[in-house]
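**Student:** Handing you this structure, nothing more for now.
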2 protein chains.
Amino acid sequence: MAPVVPELTAHLGYRLRQVSNHVSHAFARKLAAQGVTVAEWGLMRTLYGKERLPPSRLADEMGMTRGAITKLADRLIAKALVSREASPDDGRAQTLRLTAKGTHFVPRLAALADQNEAECFAHLSVRDRTVLARILTETVERLGLTGVPVD
Amino acid sequence: MAPVVPELTAHLGYRLRQVSNHVSHAFARKLAAQGVTVAEWGLMRTLYGKERLPPSRLADEMGMTRGAITKLADRLIAKALVSREASPDDGRAQTLRLTAKGTHFVPRLAALADQNEAECFAHLSVRDRTVLARILTETVERLGLTGVPVD
DNA sequence: TATTGTTATACTCTATAACTATA
DNA sequence: TATAGTTATAGAGTATAACAATA
């Protein structure tokens with residue numbers, strides 16, 4: 001008798017990846033028209049509302065390595081959306097912050113995020129959306145992911 | 001008054017990405033111990049139970065381009081998990097199929113998928129898991145993603 | 001000409017590890 | 001020696017576009 005292999009689609013993880021990839025790609029297309037990527041938006045959004053943050057903080061909050069942050073920051077600096085400054089008190093430390101241009105840009109990008117959200121989940125009832133949000137939030141917490149930006 | 005920018009975490013898409021990335025990475029680590037990647041597993045699973053499929057079919061079912069399928073298939077062929085054969089009736093066409101080694105490997109990888117599933121969603125009640133599955137399935141259908149392997 | 005695949009190229013995302021400059 | 005960041009390197013994942021062979 002042949003071994004039973006469940007359908008790939010029977011796995012929550014698989015469906016999750018399908019939906020997540022689609023939502024992210026749809027968002028990426030919208031952001032591309034503005035010249036930024038999803039990861040770049042993530043860094044900008046994390047920086048928004050704060051004066052300045054060291055790369056190590058960004059790495060922690062975004063769940064990335066410091067090397068990855070450096071690379072991401074380099075691109076944003078090249079676009080004049082972020083600036084890098086040496087810390088006055090610690091010669092090793094650097095800080096990153098949004099430029100005026102970057103700061104003004106965030107609300108526009110946030111609007112695209114909202115729009116994407118609306119388009120991708122329009123078919124869900126308010127109840128379903130609430131339940132989904134709760135389940136995802138619980139999962140983020142349970143899996144120990146950095147969900148809430150530490151402040 | 002400063003423009004209102006919703007928290008990044010307030011977006012379902014963001015949470016979805018967090019959870020999906022975590023689940024996929026956890027699965028990737030398990031698969032890595034067996035020498036395959038998540039995308040490679042996806043191709044093997046799509047091939048499983050079928051005699052042979054042309055790259056174009058794989059591309060459609062997996063939502064990838066033909067070029068991407070070629071590259072993925074090359075890696076699997078190098079691992080002797082998949083074989084490529086010219087079609088007898090159409091000189092342009094190729095077909096891909098699992099080797100005996102690849103076929104025997106699938107159930108073991110499927111077990112890892114189950115294990116990963118259990119670990120990542122263990123904290124959810126049966127009811128929540130059911131609801132999540134329903135919501136994701138509805139979303140896959142609504143967004144027109146290739147959810148169910150066409151047969 | 002249209003189609004099937006492959007190849008070439010490129011870019012994002014991310015990690016690991018080596019390295020530099022401080023502390 | 002330990003820490004903050006950067007740089008170098010690498011590989012997965014994926015796309016686009018050019019190309020070859022065949023229809």
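Letters A, B, ... go to the chains of the structure tokens in the order shown; residues in each chain start at 1; ligands are counted from 1 in the same order.
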If we count only C-alpha atoms (C1' of nucleotides), which residues of chain B reach to within 8 Å of chain D? Please list them as an MDAnalysis selection string.

**Tutor:** chainID B and resid 65 68 90:92

**Student:** Could you list, as a VMD selection string, every residue of chain C that has an atom within 10 Å of an atom of chain B, counting only C-alpha atoms (C1' of nucleotides)?

**Tutor:** chain C and resid 3 to 7

**Student:** Neighbours of segment 96-112 of chain A within 7 Å (only C-alpha atoms (C1' of nucleotides); same-chain residues fewer than 3 positions away dropped), as a PDB file with C-alpha atoms, in the first residue's frame?

**Tutor:**
```pdb
ATOM      1  CA  LYS A  30       2.613  49.461  -5.511  1.00  0.00           C
ATOM      2  CA  MET A  44      11.419  53.536   7.093  1.00  0.00           C
ATOM      3  CA  ARG A  45       8.303  52.681   9.038  1.00  0.00           C
ATOM      4  CA  LEU A  47      12.270  54.692  11.978  1.00  0.00           C
ATOM      5  CA  TYR A  48       9.177  56.856  11.665  1.00  0.00           C
ATOM      6  CA  GLU A  51      14.504  60.668  16.329  1.00  0.00           C
ATOM      7  CA  ARG A  52      17.235  58.194  15.441  1.00  0.00           C
ATOM      8  CA  LEU A  53      18.123  54.572  16.026  1.00  0.00           C
ATOM      9  CA  PRO A  54      21.369  52.572  15.912  1.00  0.00           C
ATOM     10  CA  PRO A  55      21.496  49.777  13.303  1.00  0.00           C
ATOM     11  CA  ALA A  80      18.201  60.381   0.292  1.00  0.00           C
ATOM     12  CA  LEU A  81      15.387  58.918   2.391  1.00  0.00           C
ATOM     13  CA  VAL A  82      17.592  58.075   5.368  1.00  0.00           C
ATOM     14  CA  SER A  83      20.759  59.564   6.802  1.00  0.00           C
ATOM     15  CA  ARG A  84      23.555  57.976   8.802  1.00  0.00           C
ATOM     16  CA  GLU A  85      25.403  59.887  11.488  1.00  0.00           C
ATOM     17  CA  GLN A 115      -4.961  50.352  -0.026  1.00  0.00           C
ATOM     18  CA  ASN A 116      -3.257  47.006  -0.530  1.00  0.00           C
TER      19      ASN A 116
ATOM     20  CA  PRO B   3      -0.424  62.866   9.577  1.00  0.00           C
ATOM     21  CA  VAL B   5       0.257  56.685  10.149  1.00  0.00           C
TER      22      VAL B   5
END
```

**Student:** Give me the chain A side of the contact with chain B, cut-off 8 Å, one line per residue showing its nearest atom pair and distance in Å at one decimal, counting only C-alpha atoms, sorted by chain and residue number, as CSV.

**Tutor:**
```
residue,atom,partner,partner_atom,distance
A:Pro3,CA,B:Pro107,CA,6.8
A:Val4,CA,B:Pro107,CA,7.5
A:Val5,CA,B:Pro107,CA,5.9
A:Pro6,CA,B:Ala110,CA,7.4
A:Leu8,CA,B:Arg45,CA,6.9
A:Thr9,CA,B:Gly147,CA,6.7
A:His11,CA,B:Glu117,CA,6.9
A:Leu12,CA,B:Ala133,CA,6.2
A:Gly13,CA,B:Val23,CA,6.4
A:Arg15,CA,B:Leu136,CA,6.2
A:Leu16,CA,B:Ser20,CA,5.8
A:Arg17,CA,B:Ser20,CA,5.5
A:Gln18,CA,B:Val140,CA,7.3
A:Val19,CA,B:Val140,CA,6.2
A:Ser20,CA,B:Arg17,CA,5.5
A:Asn21,CA,B:Arg17,CA,7.8
A:Val23,CA,B:Gly13,CA,6.4
A:Ser24,CA,B:Gly13,CA,7.1
A:Gly42,CA,B:Leu8,CA,7.9
A:Arg45,CA,B:Leu8,CA,6.9
A:Thr46,CA,B:Leu8,CA,8.0
A:Val106,CA,B:Val5,CA,7.9
A:Pro107,CA,B:Val5,CA,5.9
A:Ala110,CA,B:Val5,CA,6.4
A:Ala113,CA,B:His11,CA,7.7
A:Asp114,CA,B:His11,CA,7.6
A:Glu117,CA,B:Gly13,CA,6.6
A:Cys120,CA,B:Leu143,CA,7.3
A:Phe121,CA,B:Thr139,CA,7.5
A:His123,CA,B:Arg142,CA,7.4
A:Leu124,CA,B:Ile135,CA,7.8
A:Asp128,CA,B:Ile135,CA,7.2
A:Leu132,CA,B:Leu132,CA,6.7
A:Ala133,CA,B:Leu12,CA,6.3
A:Ile135,CA,B:Asp128,CA,7.2
A:Leu136,CA,B:Arg15,CA,6.2
A:Thr137,CA,B:Arg15,CA,7.1
A:Thr139,CA,B:Val19,CA,7.1
A:Val140,CA,B:Val19,CA,6.2
A:Arg142,CA,B:His123,CA,7.4
A:Leu143,CA,B:Cys120,CA,7.3
A:Leu145,CA,B:Gln18,CA,7.5
A:Gly147,CA,B:Thr9,CA,6.8
A:Val148,CA,B:Thr9,CA,6.9
```

**Student:** Restrict the selected residues to N, CA and C atoms and save them as a compact mmCIF listing (two decimals), in the first residue's frame.

**Tutor:**
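Result file follows (result38.txt):
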```
# COMPACT_ATOMS: atom_id res chain seq x y z
N PRO A 3 2.30 4.92 0.61
CA PRO A 3 2.25 5.79 1.79
C PRO A 3 1.31 6.95 1.55
N VAL A 4 0.65 7.32 2.62
CA VAL A 4 -0.30 8.43 2.50
C VAL A 4 0.45 9.75 2.61
N VAL A 5 0.36 10.56 1.59
CA VAL A 5 1.00 11.87 1.62
C VAL A 5 -0.09 12.92 1.49
N PRO A 6 -0.28 13.70 2.55
CA PRO A 6 -1.34 14.70 2.52
C PRO A 6 -1.09 15.70 1.40
N LEU A 8 -0.40 18.98 -0.44
CA LEU A 8 0.43 20.11 -0.04
C LEU A 8 -0.45 21.23 0.49
N THR A 9 -1.59 21.42 -0.16
CA THR A 9 -2.50 22.50 0.20
C THR A 9 -3.21 22.23 1.52
N HIS A 11 -1.74 21.80 4.21
CA HIS A 11 -0.95 22.42 5.25
C HIS A 11 -1.26 23.90 5.38
N LEU A 12 -1.51 24.31 6.61
CA LEU A 12 -1.77 25.72 6.86
C LEU A 12 -0.58 26.55 6.40
N GLY A 13 0.62 26.03 6.65
CA GLY A 13 1.81 26.76 6.28
C GLY A 13 1.88 27.05 4.79
N ARG A 15 -0.73 27.32 2.66
CA ARG A 15 -1.74 28.33 2.32
C ARG A 15 -1.28 29.70 2.78
N LEU A 16 -0.71 29.71 3.96
CA LEU A 16 -0.22 30.94 4.55
C LEU A 16 0.81 31.58 3.61
N ARG A 17 1.68 30.75 3.09
CA ARG A 17 2.73 31.24 2.22
C ARG A 17 2.14 31.75 0.90
N GLN A 18 1.16 31.03 0.40
CA GLN A 18 0.50 31.46 -0.83
C GLN A 18 -0.10 32.85 -0.66
N VAL A 19 -0.89 33.00 0.39
CA VAL A 19 -1.57 34.27 0.62
C VAL A 19 -0.57 35.38 0.93
N SER A 20 0.35 35.07 1.82
CA SER A 20 1.33 36.07 2.22
C SER A 20 2.16 36.54 1.02
N ASN A 21 2.59 35.60 0.21
CA ASN A 21 3.37 35.97 -0.98
C ASN A 21 2.57 36.86 -1.90
N VAL A 23 0.00 38.84 -1.17
CA VAL A 23 -0.22 40.15 -0.55
C VAL A 23 1.07 40.99 -0.63
N SER A 24 2.19 40.35 -0.32
CA SER A 24 3.46 41.07 -0.35
C SER A 24 3.83 41.50 -1.77
N GLY A 42 9.75 48.79 5.38
CA GLY A 42 9.78 48.31 6.76
C GLY A 42 10.76 49.10 7.61
N ARG A 45 9.42 52.65 8.11
CA ARG A 45 8.30 52.68 9.04
C ARG A 45 8.79 52.50 10.48
N THR A 46 9.79 51.68 10.65
CA THR A 46 10.34 51.44 11.98
C THR A 46 11.01 52.70 12.52
N VAL A 106 6.70 58.80 4.18
CA VAL A 106 6.07 57.71 4.93
C VAL A 106 4.54 57.68 4.84
N PRO A 107 3.88 58.80 5.07
CA PRO A 107 2.41 58.74 5.01
C PRO A 107 1.89 58.29 3.65
N ALA A 110 2.31 54.62 3.57
CA ALA A 110 1.36 54.00 4.49
C ALA A 110 -0.02 53.91 3.84
N ALA A 113 -0.10 50.96 1.74
CA ALA A 113 -0.25 49.76 2.56
C ALA A 113 -1.73 49.55 2.89
N ASP A 114 -2.39 50.63 3.24
CA ASP A 114 -3.82 50.54 3.55
C ASP A 114 -4.62 50.09 2.34
N GLU A 117 -4.05 46.47 1.65
CA GLU A 117 -4.79 45.76 2.68
C GLU A 117 -6.27 45.63 2.28
N CYS A 120 -6.72 43.28 -0.78
CA CYS A 120 -6.48 41.85 -0.56
C CYS A 120 -7.47 41.19 0.39
N PHE A 121 -8.04 41.96 1.30
CA PHE A 121 -8.91 41.34 2.30
C PHE A 121 -10.35 41.86 2.24
N HIS A 123 -12.81 40.85 0.66
CA HIS A 123 -13.86 39.81 0.63
C HIS A 123 -14.17 39.24 2.01
N LEU A 124 -13.31 39.52 2.99
CA LEU A 124 -13.55 38.97 4.33
C LEU A 124 -14.54 39.83 5.11
N ASP A 128 -14.46 37.98 10.28
CA ASP A 128 -13.34 37.14 9.87
C ASP A 128 -12.01 37.89 9.96
N LEU A 132 -8.96 36.68 12.15
CA LEU A 132 -7.65 36.45 11.53
C LEU A 132 -6.57 37.26 12.24
N ALA A 133 -6.90 38.52 12.52
CA ALA A 133 -5.93 39.38 13.20
C ALA A 133 -5.59 38.80 14.57
N ILE A 135 -5.81 35.63 15.61
CA ILE A 135 -5.05 34.39 15.46
C ILE A 135 -3.59 34.68 15.10
N LEU A 136 -3.39 35.60 14.18
CA LEU A 136 -2.03 35.93 13.77
C LEU A 136 -1.26 36.57 14.92
N THR A 137 -1.94 37.45 15.65
CA THR A 137 -1.28 38.11 16.77
C THR A 137 -0.89 37.10 17.83
N THR A 139 -0.29 34.02 17.39
CA THR A 139 0.79 33.19 16.85
C THR A 139 2.12 33.92 16.90
N VAL A 140 2.10 35.19 16.56
CA VAL A 140 3.31 36.00 16.64
C VAL A 140 3.87 35.98 18.06
N ARG A 142 3.17 33.75 20.47
CA ARG A 142 3.54 32.41 20.88
C ARG A 142 4.87 31.97 20.28
N LEU A 143 5.09 32.38 19.05
CA LEU A 143 6.33 31.98 18.38
C LEU A 143 7.49 32.89 18.77
N LEU A 145 7.94 36.06 18.02
CA LEU A 145 8.40 36.98 16.98
C LEU A 145 8.29 38.40 17.50
N GLY A 147 6.77 41.31 17.44
CA GLY A 147 5.55 41.83 16.85
C GLY A 147 5.36 43.30 17.10
N VAL A 148 5.46 43.67 18.34
CA VAL A 148 5.21 45.05 18.70
C VAL A 148 6.52 45.82 18.78
```

**Student:** Take atom CA of Ala73 of chain B and atom CA of Glu40 of chain B and report the distance between them in Å, one decimal.

**Tutor:**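 Value for the atom CA of Ala73 of chain B-atom CA of Glu40 of chain B distance: 7.9 Å.
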